[in-house]
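Asker: Structure file final-v1.cif (mmCIF, C-alpha atoms (C1' of nucleotides)) is given on the next line.
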data_data
loop_
_atom_site.label_atom_id
_atom_site.label_comp_id
_atom_site.auth_asym_id
_atom_site.auth_seq_id
_atom_site.Cartn_x
_atom_site.Cartn_y
_atom_site.Cartn_z
CA MET L 4 -49.59 -28.79 200.34
CA ALA L 5 -48.36 -29.54 196.85
CA ARG L 6 -49.02 -33.13 195.96
CA VAL L 7 -46.02 -34.83 194.52
CA GLY L 8 -47.86 -37.74 192.96
CA LEU L 9 -46.36 -40.66 194.81
CA THR L 10 -47.30 -44.13 193.67
CA PRO L 11 -45.84 -47.52 194.51
CA GLU L 12 -44.44 -47.64 190.98
CA ARG L 13 -42.68 -44.30 191.17
CA LEU L 14 -41.31 -45.16 194.59
CA THR L 15 -40.03 -48.47 193.32
CA GLU L 16 -38.38 -46.92 190.29
CA ALA L 17 -36.79 -44.18 192.38
CA GLY L 18 -35.71 -46.77 194.91
CA ALA L 19 -33.97 -48.69 192.15
CA GLU L 20 -32.15 -45.59 190.99
CA LEU L 21 -31.17 -44.84 194.55
CA ALA L 22 -29.87 -48.38 194.93
CA ASP L 23 -27.66 -47.97 191.89
CA GLU L 24 -26.29 -44.73 193.27
CA VAL L 25 -25.64 -45.56 196.89
CA GLY L 26 -26.02 -49.33 197.15
CA PHE L 27 -29.05 -51.46 197.89
CA ASP L 28 -28.25 -51.62 201.59
CA GLU L 29 -28.53 -47.86 201.81
CA VAL L 30 -31.97 -47.80 200.27
CA THR L 31 -34.09 -46.60 203.13
CA VAL L 32 -37.56 -45.20 203.45
CA SER L 33 -36.03 -42.02 204.83
CA ALA L 34 -33.61 -41.58 201.96
CA LEU L 35 -36.39 -42.14 199.47
CA ALA L 36 -38.57 -39.56 201.19
CA ARG L 37 -35.72 -37.05 201.03
CA ARG L 38 -35.38 -37.72 197.32
CA PHE L 39 -39.03 -36.78 196.78
CA ASP L 40 -38.75 -33.90 199.25
CA VAL L 41 -41.54 -35.37 201.25
CA LYS L 42 -41.96 -36.44 204.86
CA VAL L 43 -41.08 -40.01 205.71
CA ALA L 44 -44.52 -41.03 206.93
CA SER L 45 -46.02 -40.11 203.58
CA LEU L 46 -44.44 -43.12 201.93
CA TYR L 47 -46.31 -45.50 204.16
CA SER L 48 -49.52 -44.92 202.24
CA HIS L 49 -47.87 -46.42 199.18
CA VAL L 50 -45.59 -49.16 200.46
CA LYS L 51 -46.33 -51.32 203.47
CA ASN L 52 -42.95 -50.95 205.04
CA SER L 53 -39.27 -50.98 204.34
CA GLN L 54 -39.25 -54.68 203.51
CA ASP L 55 -42.08 -54.20 201.06
CA LEU L 56 -40.15 -51.44 199.31
CA ARG L 57 -37.07 -53.59 199.00
CA THR L 58 -39.07 -56.51 197.68
CA ARG L 59 -40.64 -54.31 195.01
CA ILE L 60 -37.22 -53.15 193.89
CA ALA L 61 -36.06 -56.76 193.73
CA LEU L 62 -39.05 -57.72 191.60
CA LEU L 63 -38.42 -54.79 189.30
CA ALA L 64 -34.81 -55.84 188.84
CA LEU L 65 -35.75 -59.47 188.18
CA ALA L 66 -38.28 -58.40 185.57
CA GLU L 67 -35.90 -56.02 183.82
CA LEU L 68 -33.27 -58.70 183.76
CA ALA L 69 -35.69 -61.26 182.34
CA ASP L 70 -36.76 -58.83 179.64
CA ARG L 71 -33.17 -58.24 178.64
CA ALA L 72 -32.50 -61.95 178.64
CA ALA L 73 -35.48 -62.68 176.43
CA ASP L 74 -34.33 -60.00 174.06
CA ALA L 75 -30.80 -61.34 173.95
CA LEU L 76 -31.89 -64.92 173.33
CA ALA L 77 -34.22 -64.08 170.46
CA GLY L 78 -32.83 -65.54 167.25
CA ARG L 79 -29.76 -67.07 168.82
CA ALA L 80 -28.81 -70.63 169.59
CA GLY L 81 -25.90 -72.67 170.86
CA LYS L 82 -22.81 -70.90 172.06
CA ASP L 83 -24.05 -67.66 170.61
CA ALA L 84 -27.09 -67.81 172.88
CA LEU L 85 -24.98 -68.91 175.83
CA ALA L 86 -22.68 -65.94 175.51
CA ALA L 87 -25.57 -63.55 174.99
CA LEU L 88 -27.37 -64.70 178.12
CA ALA L 89 -24.21 -64.66 180.18
CA ASN L 90 -23.47 -61.12 179.10
CA VAL L 91 -26.95 -59.95 179.98
CA TYR L 92 -26.30 -60.78 183.61
CA ARG L 93 -22.80 -59.40 183.69
CA ASP L 94 -23.68 -56.19 181.89
CA TYR L 95 -26.76 -55.58 183.97
CA ALA L 96 -24.79 -56.00 187.16
CA ARG L 97 -22.19 -53.51 186.00
CA GLU L 98 -24.71 -50.97 184.78
CA HIS L 99 -27.01 -51.39 187.75
CA PRO L 100 -25.11 -52.72 190.74
CA GLY L 101 -27.82 -51.70 193.17
CA ARG L 102 -30.56 -53.43 191.22
CA TRP L 103 -28.36 -56.48 190.83
CA ALA L 104 -27.94 -56.59 194.59
CA ALA L 105 -31.69 -56.19 194.93
CA ALA L 106 -32.26 -59.14 192.62
CA GLN L 107 -30.32 -61.32 195.07
CA LEU L 108 -32.76 -60.57 197.88
CA ARG L 109 -34.24 -63.71 199.35
CA LEU L 110 -37.90 -63.72 198.46
CA ASP L 111 -40.44 -65.79 200.31
CA PRO L 112 -41.55 -68.78 198.21
CA GLN L 113 -44.93 -67.20 197.37
CA THR L 114 -43.37 -64.05 196.02
CA ALA L 115 -40.56 -65.89 194.30
CA ALA L 116 -42.99 -68.16 192.48
CA ALA L 117 -44.89 -65.15 191.15
CA SER L 118 -41.73 -63.27 190.21
CA ALA L 119 -39.80 -63.08 186.96
CA GLY L 120 -37.37 -65.48 188.59
CA VAL L 121 -39.19 -68.38 187.00
CA ARG L 122 -38.70 -66.83 183.56
CA HIS L 123 -34.97 -66.92 184.15
CA ALA L 124 -35.01 -70.63 184.78
CA GLN L 125 -37.21 -71.16 181.73
CA MET L 126 -34.89 -69.20 179.51
CA THR L 127 -31.84 -71.05 180.71
CA ARG L 128 -33.67 -74.24 179.95
CA ALA L 129 -34.59 -72.98 176.51
CA LEU L 130 -30.96 -72.15 175.88
CA LEU L 131 -30.03 -75.75 176.62
CA ARG L 132 -32.18 -76.93 173.72
CA GLY L 133 -29.19 -76.05 171.62
CA TYR L 134 -27.28 -78.75 173.44
CA ASP L 135 -28.05 -82.40 173.62
CA LEU L 136 -29.15 -82.83 177.20
CA THR L 137 -32.08 -84.78 178.56
CA GLU L 138 -33.52 -84.79 182.05
CA PRO L 139 -32.24 -84.86 184.72
CA ASP L 140 -29.00 -83.59 183.22
CA GLN L 141 -30.78 -80.57 181.84
CA THR L 142 -31.76 -79.53 185.34
CA HIS L 143 -28.23 -80.06 186.58
CA ALA L 144 -26.96 -77.89 183.76
CA VAL L 145 -29.52 -75.17 184.49
CA ARG L 146 -28.26 -75.07 188.04
CA LEU L 147 -24.65 -75.03 186.97
CA LEU L 148 -25.19 -72.13 184.61
CA GLY L 149 -27.12 -70.24 187.25
CA SER L 150 -24.31 -70.82 189.71
CA VAL L 151 -21.58 -69.68 187.37
CA PHE L 152 -23.40 -66.58 186.22
CA HIS L 153 -24.40 -65.56 189.70
CA GLY L 154 -21.10 -66.50 191.26
CA TYR L 155 -18.85 -64.89 188.69
CA VAL L 156 -20.79 -61.67 188.49
CA SER L 157 -21.00 -61.33 192.26
CA LEU L 158 -17.32 -61.99 192.77
CA GLU L 159 -16.25 -59.67 189.97
CA LEU L 160 -18.52 -56.90 191.19
CA GLY L 161 -17.27 -57.37 194.73
CA GLY L 162 -13.71 -56.91 193.56
CA GLY L 163 -12.77 -60.52 194.18
CA PHE L 164 -10.83 -60.72 190.92
CA SER L 165 -9.39 -57.26 190.84
CA HIS L 166 -5.99 -57.97 192.31
CA SER L 167 -4.49 -60.11 189.62
CA ALA L 168 -3.80 -60.29 185.93
CA PRO L 169 -5.21 -61.41 183.47
CA GLY L 170 -8.13 -59.04 183.07
CA THR L 171 -11.60 -60.24 183.86
CA ASP L 172 -12.86 -59.84 180.31
CA VAL L 173 -10.50 -62.55 179.15
CA THR L 174 -11.49 -64.88 181.95
CA TRP L 175 -15.15 -64.29 181.23
CA ALA L 176 -14.70 -65.19 177.58
CA ARG L 177 -12.74 -68.30 178.47
CA ILE L 178 -15.37 -69.37 181.00
CA ILE L 179 -18.04 -69.10 178.34
CA ASP L 180 -15.85 -71.19 176.04
CA ALA L 181 -15.41 -73.72 178.80
CA LEU L 182 -19.12 -73.93 179.55
CA ASP L 183 -19.91 -74.40 175.89
CA THR L 184 -17.38 -77.21 175.66
CA LEU L 185 -18.73 -78.76 178.80
CA LEU L 186 -22.34 -78.64 177.64
CA ARG L 187 -21.40 -80.25 174.35
CA ASN L 188 -19.57 -83.03 176.18
CA TRP L 189 -21.66 -83.39 179.30
CA PRO L 190 -20.33 -86.38 181.23
CA SER L 191 -22.64 -89.30 181.95
CA PRO L 192 -22.95 -90.25 185.60
CA PRO L 193 -19.92 -92.37 186.49
CA THR L 194 -20.88 -96.01 186.91
CA ASP L 195 -20.78 -97.21 190.47
CA PRO L 196 -17.29 -98.76 190.85
CA ARG L 197 -18.72 -101.38 193.19
CA GLY L 198 -20.97 -102.72 190.41
CA MET N 11 -20.21 -53.86 238.67
CA ALA N 12 -19.34 -57.42 237.76
CA ARG N 13 -16.89 -57.51 234.90
CA VAL N 14 -17.91 -59.85 232.18
CA GLY N 15 -14.52 -60.08 230.53
CA LEU N 16 -15.26 -58.69 227.13
CA THR N 17 -12.52 -58.88 224.53
CA PRO N 18 -12.59 -58.31 220.78
CA GLU N 19 -12.12 -62.05 220.35
CA ARG N 20 -15.03 -63.04 222.54
CA LEU N 21 -17.23 -60.46 220.89
CA THR N 22 -16.28 -61.71 217.46
CA GLU N 23 -16.91 -65.31 218.38
CA ALA N 24 -20.25 -64.47 219.97
CA GLY N 25 -21.13 -62.34 216.97
CA ALA N 26 -20.46 -65.30 214.71
CA GLU N 27 -22.73 -67.51 216.79
CA LEU N 28 -25.38 -64.82 216.74
CA ALA N 29 -25.06 -64.60 212.97
CA ASP N 30 -25.66 -68.32 212.62
CA GLU N 31 -28.72 -68.09 214.81
CA VAL N 32 -30.46 -65.01 213.47
CA GLY N 33 -28.65 -64.12 210.26
CA PHE N 34 -25.67 -61.91 209.62
CA ASP N 35 -27.86 -58.90 208.84
CA GLU N 36 -29.33 -59.08 212.31
CA VAL N 37 -25.95 -58.98 213.99
CA THR N 38 -26.02 -55.68 215.74
CA VAL N 39 -24.02 -54.08 218.50
CA SER N 40 -27.19 -53.89 220.56
CA ALA N 41 -28.06 -57.55 220.11
CA LEU N 42 -24.54 -58.54 221.04
CA ALA N 43 -24.67 -56.39 224.17
CA ARG N 44 -27.93 -58.05 225.17
CA ARG N 45 -26.30 -61.44 224.71
CA PHE N 46 -23.59 -60.50 227.21
CA ASP N 47 -26.12 -58.78 229.46
CA VAL N 48 -24.15 -55.62 229.23
CA LYS N 49 -24.92 -52.07 228.14
CA VAL N 50 -24.44 -51.23 224.50
CA ALA N 51 -21.82 -48.56 225.03
CA SER N 52 -19.55 -51.06 226.76
CA LEU N 53 -18.81 -52.81 223.51
CA TYR N 54 -17.30 -49.71 222.02
CA SER N 55 -14.16 -50.15 224.10
CA HIS N 56 -13.50 -53.40 222.27
CA VAL N 57 -14.69 -52.86 218.73
CA LYS N 58 -14.50 -49.58 216.89
CA ASN N 59 -18.03 -49.67 215.60
CA SER N 60 -20.63 -51.84 213.98
CA GLN N 61 -18.67 -52.13 210.74
CA ASP N 62 -15.57 -53.19 212.62
CA LEU N 63 -17.51 -55.92 214.39
CA ARG N 64 -18.90 -57.23 211.13
CA THR N 65 -15.49 -57.19 209.50
CA ARG N 66 -14.02 -59.17 212.38
CA ILE N 67 -16.73 -61.79 212.00
CA ALA N 68 -16.03 -61.96 208.28
CA LEU N 69 -12.33 -62.48 208.91
CA LEU N 70 -13.08 -65.19 211.44
CA ALA N 71 -15.28 -67.00 208.95
CA LEU N 72 -12.70 -66.73 206.17
CA ALA N 73 -10.01 -68.12 208.46
CA GLU N 74 -12.16 -71.00 209.68
CA LEU N 75 -13.05 -71.82 206.13
CA ALA N 76 -9.43 -71.74 205.01
CA ASP N 77 -8.44 -74.03 207.88
CA ARG N 78 -11.09 -76.52 206.90
CA ALA N 79 -10.03 -76.33 203.29
CA ALA N 80 -6.38 -76.94 204.12
CA ASP N 81 -7.41 -79.91 206.20
CA ALA N 82 -9.58 -81.34 203.45
CA LEU N 83 -6.92 -80.98 200.78
CA ALA N 84 -4.17 -82.65 202.77
CA GLY N 85 -3.24 -85.92 201.12
CA ARG N 86 -5.70 -85.62 198.27
CA ALA N 87 -5.27 -84.86 194.60
CA GLY N 88 -7.25 -84.69 191.41
CA LYS N 89 -10.98 -85.17 191.52
CA ASP N 90 -10.76 -86.35 195.10
CA ALA N 91 -9.28 -83.02 196.11
CA LEU N 92 -11.77 -81.12 193.98
CA ALA N 93 -14.71 -82.80 195.65
CA ALA N 94 -13.23 -82.32 199.09
CA LEU N 95 -12.68 -78.61 198.61
CA ALA N 96 -16.10 -78.12 197.11
CA ASN N 97 -17.72 -79.87 200.03
CA VAL N 98 -15.85 -77.75 202.53
CA TYR N 99 -17.60 -74.67 201.22
CA ARG N 100 -21.00 -76.26 200.92
CA ASP N 101 -20.90 -77.92 204.31
CA TYR N 102 -19.62 -74.82 206.05
CA ALA N 103 -22.41 -72.75 204.56
CA ARG N 104 -25.02 -75.21 205.71
CA GLU N 105 -23.58 -75.56 209.20
CA HIS N 106 -22.88 -71.86 209.60
CA PRO N 107 -25.13 -69.82 207.33
CA GLY N 108 -24.49 -66.63 209.24
CA ARG N 109 -20.73 -66.98 209.05
CA TRP N 110 -21.00 -67.87 205.38
CA ALA N 111 -22.93 -64.67 204.81
CA ALA N 112 -20.26 -62.82 206.78
CA ALA N 113 -17.55 -64.27 204.57
CA GLN N 114 -19.24 -62.61 201.59
CA LEU N 115 -18.85 -59.17 203.10
CA ARG N 116 -16.99 -56.79 200.82
CA LEU N 117 -13.69 -56.03 202.49
CA ASP N 118 -11.61 -53.04 201.60
CA PRO N 119 -8.52 -54.04 199.58
CA GLN N 120 -6.15 -53.58 202.53
CA THR N 121 -8.14 -55.86 204.80
CA ALA N 122 -8.83 -58.35 202.04
CA ALA N 123 -5.15 -58.65 201.23
CA ALA N 124 -4.36 -59.43 204.86
CA SER N 125 -7.23 -61.88 205.24
CA ALA N 126 -7.42 -65.61 204.82
CA GLY N 127 -9.03 -64.89 201.47
CA VAL N 128 -5.67 -65.15 199.81
CA ARG N 129 -5.20 -68.64 201.25
CA HIS N 130 -8.38 -69.67 199.50
CA ALA N 131 -7.04 -68.61 196.14
CA GLN N 132 -3.73 -70.33 196.87
CA MET N 133 -5.42 -73.58 197.77
CA THR N 134 -7.58 -73.56 194.69
CA ARG N 135 -4.43 -73.02 192.68
CA ALA N 136 -2.73 -75.89 194.48
CA LEU N 137 -5.68 -78.09 193.69
CA LEU N 138 -5.21 -77.37 190.02
CA ARG N 139 -1.73 -78.90 190.12
CA GLY N 140 -3.56 -82.16 189.75
CA TYR N 141 -4.71 -80.99 186.35
CA ASP N 142 -2.63 -80.02 183.41
CA LEU N 143 -3.14 -76.29 183.25
CA THR N 144 -0.59 -73.55 182.69
CA GLU N 145 -0.98 -69.81 183.02
CA PRO N 146 -3.12 -67.98 182.20
CA ASP N 147 -5.57 -70.87 182.02
CA GLN N 148 -4.86 -71.71 185.61
CA THR N 149 -6.06 -68.31 186.71
CA HIS N 150 -9.17 -68.63 184.58
CA ALA N 151 -9.84 -71.99 186.18
CA VAL N 152 -9.32 -70.61 189.68
CA ARG N 153 -11.90 -67.97 188.95
CA LEU N 154 -14.31 -70.48 187.47
CA LEU N 155 -14.08 -72.74 190.49
CA GLY N 156 -14.53 -69.81 192.83
CA SER N 157 -17.58 -68.72 190.88
CA VAL N 158 -19.20 -72.14 190.89
CA PHE N 159 -18.56 -72.79 194.56
CA HIS N 160 -19.73 -69.39 195.63
CA GLY N 161 -22.63 -69.27 193.22
CA TYR N 162 -23.97 -72.75 193.87
CA VAL N 163 -23.72 -72.53 197.62
CA SER N 164 -25.36 -69.12 197.73
CA LEU N 165 -28.21 -70.12 195.47
CA GLU N 166 -28.81 -73.39 197.28
CA LEU N 167 -28.75 -71.70 200.67
CA GLY N 168 -31.10 -69.01 199.43
CA GLY N 169 -33.60 -71.62 198.38
CA GLY N 170 -33.08 -71.01 194.69
CA PHE N 171 -33.08 -74.72 193.91
CA SER N 172 -35.67 -75.87 196.37
CA HIS N 173 -38.69 -75.92 194.11
CA SER N 174 -37.79 -78.67 191.75
CA ALA N 175 -36.64 -82.25 191.58
CA PRO N 176 -33.96 -83.70 191.39
CA GLY N 177 -32.49 -83.14 194.83
CA THR N 178 -29.59 -80.77 195.22
CA ASP N 179 -27.19 -83.47 196.42
CA VAL N 180 -27.40 -85.16 193.04
CA THR N 181 -26.86 -81.92 191.18
CA TRP N 182 -23.89 -81.08 193.36
CA ALA N 183 -22.25 -84.43 192.64
CA ARG N 184 -22.85 -84.04 188.93
CA ILE N 185 -21.44 -80.54 188.93
CA ILE N 186 -18.28 -81.80 190.55
CA ASP N 187 -18.10 -84.53 187.89
CA ALA N 188 -18.58 -81.90 185.23
CA LEU N 189 -15.89 -79.63 186.61
CA ASP N 190 -13.47 -82.51 186.82
CA THR N 191 -14.16 -83.42 183.21
CA LEU N 192 -13.81 -79.82 182.17
CA LEU N 193 -10.48 -79.35 183.94
CA ARG N 194 -9.11 -82.49 182.35
CA ASN N 195 -10.19 -81.25 178.92
CA TRP N 196 -9.75 -77.51 179.28
CA PRO N 197 -10.37 -75.98 175.87
CA SER N 198 -7.62 -73.95 174.24
CA PRO N 199 -8.58 -70.45 173.21
CA PRO N 200 -10.48 -70.65 169.94
CA THR N 201 -8.33 -69.43 167.06
CA ASP N 202 -9.40 -66.15 165.64
CA PRO N 203 -11.71 -67.09 162.72
CA ARG N 204 -10.43 -64.09 160.77
CA GLY N 205 -6.88 -65.45 160.82
"C1'" DG O 16 -2.96 -50.25 251.19
"C1'" DC O 17 -2.48 -46.75 247.67
"C1'" DA O 18 -2.13 -45.02 243.01
"C1'" DC O 19 -3.29 -46.29 238.62
"C1'" DT O 20 -5.39 -48.47 234.80
"C1'" DT O 21 -9.12 -50.44 232.75
"C1'" DG O 22 -13.96 -51.94 232.13
"C1'" DC O 23 -18.54 -51.23 232.28
"C1'" DC O 24 -21.97 -47.64 233.29
"C1'" DT O 25 -25.04 -43.35 232.72
"C1'" DA O 26 -26.37 -39.74 229.76
"C1'" DA O 27 -27.16 -37.64 225.52
"C1'" DT O 28 -27.45 -36.95 220.44
"C1'" DA O 29 -28.83 -38.47 216.05
"C1'" DG O 30 -30.95 -41.41 212.38
"C1'" DC O 31 -34.33 -44.94 210.66
"C1'" DT O 32 -39.02 -47.25 211.23
"C1'" DT O 33 -43.62 -47.36 211.99
"C1'" DT O 34 -48.36 -45.99 213.63
"C1'" DA O 35 -52.17 -42.66 214.63
"C1'" DG O 36 -54.63 -38.90 213.65
"C1'" DG O 37 -55.31 -34.22 211.10
"C1'" DC O 38 -56.09 -31.02 207.41
"C1'" DA O 39 -56.15 -29.52 202.85
"C1'" DA O 40 -56.06 -30.60 197.83
"C1'" DG O 41 -58.56 -32.85 194.34
"C1'" DT O 42 -63.16 -35.22 192.65
"C1'" DG O 43 -67.96 -36.18 191.59
"C1'" DG O 44 -73.06 -35.30 192.12
"C1'" DG O 45 -76.56 -32.02 192.56
"C1'" DC I 14 -70.90 -23.56 191.42
"C1'" DC I 15 -70.39 -25.87 195.72
"C1'" DC I 16 -70.68 -29.35 199.01
"C1'" DA I 17 -69.52 -33.81 200.63
"C1'" DC I 18 -66.19 -37.17 200.17
"C1'" DT I 19 -61.91 -39.33 199.26
"C1'" DT I 20 -57.20 -39.26 199.19
"C1'" DG I 21 -52.45 -37.56 199.91
"C1'" DC I 22 -49.17 -35.55 202.52
"C1'" DC I 23 -48.31 -33.68 207.19
"C1'" DT I 24 -47.43 -33.44 212.42
"C1'" DA I 25 -46.58 -36.02 216.46
"C1'" DA I 26 -44.83 -39.65 218.98
"C1'" DA I 27 -42.70 -44.03 220.43
"C1'" DG I 28 -39.17 -47.52 219.84
"C1'" DC I 29 -34.85 -49.31 218.22
"C1'" DT I 30 -29.86 -48.89 216.70
"C1'" DA I 31 -25.36 -46.35 216.54
"C1'" DT I 32 -22.03 -43.59 218.58
"C1'" DT I 33 -19.57 -40.36 221.76
"C1'" DA I 34 -18.30 -38.24 226.32
"C1'" DG I 35 -17.48 -38.55 230.82
"C1'" DG I 36 -17.83 -41.12 235.54
"C1'" DC I 37 -17.03 -44.54 239.03
"C1'" DA I 38 -15.68 -48.78 240.76
"C1'" DA I 39 -13.23 -53.28 240.10
"C1'" DG I 40 -8.86 -55.15 239.44
"C1'" DT I 41 -3.36 -54.57 239.28
"C1'" DG I 42 1.26 -53.51 240.73
"C1'" DC I 43 4.36 -51.64 243.97
#
As structure tokens, please, write out the structure in this file.

Answerer:
Amino acid sequence: MARVGLTPERLTEAGAELADEVGFDEVTVSALARRFDVKVASLYSHVKNSQDLRTRIALLALAELADRAADALAGRAGKDALAALANVYRDYAREHPGRWAAAQLRLDPQTAAASAGVRHAQMTRALLRGYDLTEPDQTHAVRLLGSVFHGYVSLELGGGFSHSAPGTDVTWARIIDALDTLLRNWPSPPTDPRG
Amino acid sequence: MARVGLTPERLTEAGAELADEVGFDEVTVSALARRFDVKVASLYSHVKNSQDLRTRIALLALAELADRAADALAGRAGKDALAALANVYRDYAREHPGRWAAAQLRLDPQTAAASAGVRHAQMTRALLRGYDLTEPDQTHAVRLLGSVFHGYVSLELGGGFSHSAPGTDVTWARIIDALDTLLRNWPSPPTDPRG
DNA sequence: GCACTTGCCTAATAGCTTTAGGCAAGTGGG
DNA sequence: CCCACTTGCCTAAAGCTATTAGGCAAGTGC
């Protein structure tokens, strides 16, 4: 009958929209087929299986996020860049909760290495050029920033902070302040007290 | 026939073990029934449904984690306490990845308020007594610590740090150093530059 | 030892996943 | 123009999970 024009790309994009609407966990081959008004089996010519679909959505989200991050970092340095990058993650998660959830999907090492995930690490590293850190402290700092961004955004989105005053916007600003301070005064490894 | 002696508690405990073995996402009423060598429908006299089972596992994990945290904090203060609490989360996640995943489950506000989750916040707050923070900075700091612990442990467990040197143990130690430094030198809110 | 409760069972419905095979809508060469 | 070919969506079917309704037998209390 009428051909709808399914492609892996259109399925991935629609899957991402669906994720934002109903949650990434509810993204199912069946639901996606319904959205295109097409029989379920038809999708299997375009994506290998359910896992494949979910992985494609995750890769889409990672790439979108990396694009936004690159954009935000352009022409900024220091605390300005730090805040901009931090807000990219937080804003993306709030605008696109389903895609954010997708971006947290555990990818197999192969896929992860070929994903935009590596760009994220590179950009965080680039950001740290505005601070005076040398290896291996730079790597430690990259991991710390990744942890804070991921952790805060996940907890806030999950409602973990919703019960109490003060509002989360204030906390977020103060955390960025704190990270900036910390990066400008990164502590040297404590000397071994036995020495 | 032979009665196996199912109870909500035994199901929850077995579900937690199953989660650690095969992952929280694979914890299913069917799999649990197989584990007890019992028909699937039999479980529905003890747990309301699949969601109920998962919630019970989450509550178990939160409680276990809070118990460990309370134990670790007893008799410690300052950086010692900070490191101890941090390690409780990290070690628990590595020993019990499925339960850790369960503990991340989004609970509805009612359930969350009655869960051990509130003990976690209280203990983090208690920990901060060793540092010189007053409200609202204390709340900001609680949220920062929660974010770092949750974020770091999730990323490490998901393999996010596995590609690169230095090892994650070193980074973890340095992050705890950094947090300690930060809490001892918590920056005041920057004065409004327009003022 | 009998009535009663409770626990696990059978049976049935419904949804999601995935594979195999079919037919018709587009596409390119003669 | 049309015929062969490819490709896209369809029907059919099997397997797994979730959930509910109703039954029977194993334990419990008098």

Asker: In Å to one decimal, how far is atom CA of N:Leu143 from atom CA of L:Ala168?

Answerer: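 Interatomic distance here is 16.2 Å.
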
Asker: What does the structure give for the distance between atom CA of N:Asp142 and atom CA of N:Arg194, in Å to one decimal?

Answerer: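 Between these atoms lies a distance of 7.0 Å.
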
Asker: Find the spatial neighbours of L:Tyr155, counting all atoms listed in the file, within a cut-off of 10 Å - ignore same-chain residues fewer than 2 positions away - and output them as a PyMOL selection string.

Answerer: (chain L and resi 92-93+149-153+157-161+163-164+171+174-175+178) or (chain N and resi 153-161)

Asker: Give one line per residue of chain N that approaches chain I to at most 12 Å, naming the two atoms of the closest pair and their distance in Å to one decimal, counting only C-alpha atoms (C1' of nucleotides); sort by chain then ascending residue number and deliver it as a Markdown table.

Answerer:
| residue | atom | partner | partner_atom | distance |
| --- | --- | --- | --- | --- |
| N:Met11 | CA | I:DA38 | C1' | 7.1 |
| N:Ala12 | CA | I:DA39 | C1' | 7.7 |
| N:Arg13 | CA | I:DA39 | C1' | 7.6 |
| N:Val14 | CA | I:DA39 | C1' | 11.3 |
| N:Gly15 | CA | I:DG40 | C1' | 11.7 |
| N:Glu36 | CA | I:DT30 | C1' | 11.1 |
| N:Val37 | CA | I:DT30 | C1' | 11.2 |
| N:Thr38 | CA | I:DT30 | C1' | 7.9 |
| N:Val39 | CA | I:DT30 | C1' | 8.0 |
| N:Ser40 | CA | I:DT30 | C1' | 6.9 |
| N:Ala41 | CA | I:DT30 | C1' | 9.5 |
| N:Leu42 | CA | I:DT30 | C1' | 11.8 |
| N:Ala43 | CA | I:DT30 | C1' | 11.8 |
| N:Val50 | CA | I:DA31 | C1' | 9.4 |
| N:Ala51 | CA | I:DT32 | C1' | 8.1 |
| N:Ser52 | CA | I:DT32 | C1' | 11.4 |
| N:Leu53 | CA | I:DT32 | C1' | 10.9 |
| N:Tyr54 | CA | I:DT32 | C1' | 8.5 |
| N:Ser55 | CA | I:DT33 | C1' | 11.4 |
| N:Val57 | CA | I:DT32 | C1' | 11.8 |
| N:Lys58 | CA | I:DT32 | C1' | 9.8 |
| N:Asn59 | CA | I:DT32 | C1' | 7.9 |
| N:Ser60 | CA | I:DA31 | C1' | 7.7 |
| N:Gln61 | CA | I:DA31 | C1' | 10.6 |

Asker: Apply the PyMOL selection byres ((chain O) within 12 of (chain L)) to the structure shown and report the selected residues as a list in words.

Answerer: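 So the PyMOL selection byres ((chain O) within 12 of (chain L)) ends up selecting DG30, DC31, DT32, DT33, DT34, DA35, DC38, DA39, DA40 and DG41 of chain O.
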
Asker: Tell me, in Å to one decimal, how far atom CA of L:Ile60 is from atom CA of L:Asp111.

Answerer: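 It comes out at 14.5 Å.
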
Asker: Which is closest to chain L among N:Ala151, N:Ala113, N:Ala82, N:Ala68, if we use only C-alpha atoms?

Answerer: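 Ranked by minimum distance to chain L, first place goes to N:Ala151.
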
Asker: Can you list, as a list of chain:residue names, every protein, DNA or RNA residue that comes within 7 Å of L:Ala64 when you count only C-alpha atoms (C1' of nucleotides), leaving out same-chain residues fewer than 6 positions away?

Answerer: L:Arg102, L:Trp103, L:Ala105, L:Ala106

Asker: With only C-alpha atoms as the basis for distance, which of N:Ala126, N:Leu115, N:Phe46, N:Thr134 is at the shortest distance from chain L?

Answerer: N:Leu115

Asker: Counting all atoms listed in the file, what is within 10 Å of L:Asp28, bar same-chain residues fewer than 6 positions away, as a VMD selection string?

Answerer: chain L and resid 22 57 101 104 to 105

Asker: Those selected residues, please, written with C-alpha atoms and delivered as an mmCIF file, in the coordinates of the input.

Answerer:
data_model
loop_
_atom_site.group_PDB
_atom_site.id
_atom_site.type_symbol
_atom_site.label_atom_id
_atom_site.label_comp_id
_atom_site.auth_asym_id
_atom_site.auth_seq_id
_atom_site.Cartn_x
_atom_site.Cartn_y
_atom_site.Cartn_z
ATOM 1 C CA ALA L 22 -29.870 -48.380 194.930
ATOM 2 C CA ARG L 57 -37.070 -53.590 199.000
ATOM 3 C CA GLY L 101 -27.820 -51.700 193.170
ATOM 4 C CA ALA L 104 -27.940 -56.590 194.590
ATOM 5 C CA ALA L 105 -31.690 -56.190 194.930
#

Asker: Using only C-alpha atoms, which of L:Thr15, L:Asn90, L:Asn188, L:Ser118 sits nearest chain N?

Answerer: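 With only C-alpha atoms as the atom set, the closest residue is L:Asn188.
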
Asker: Quick one: of N:Val98, N:Ala79, N:Val180, N:Ala103, who's nearest to N:Gln132, counting all atoms listed in the file?

Answerer: N:Ala79
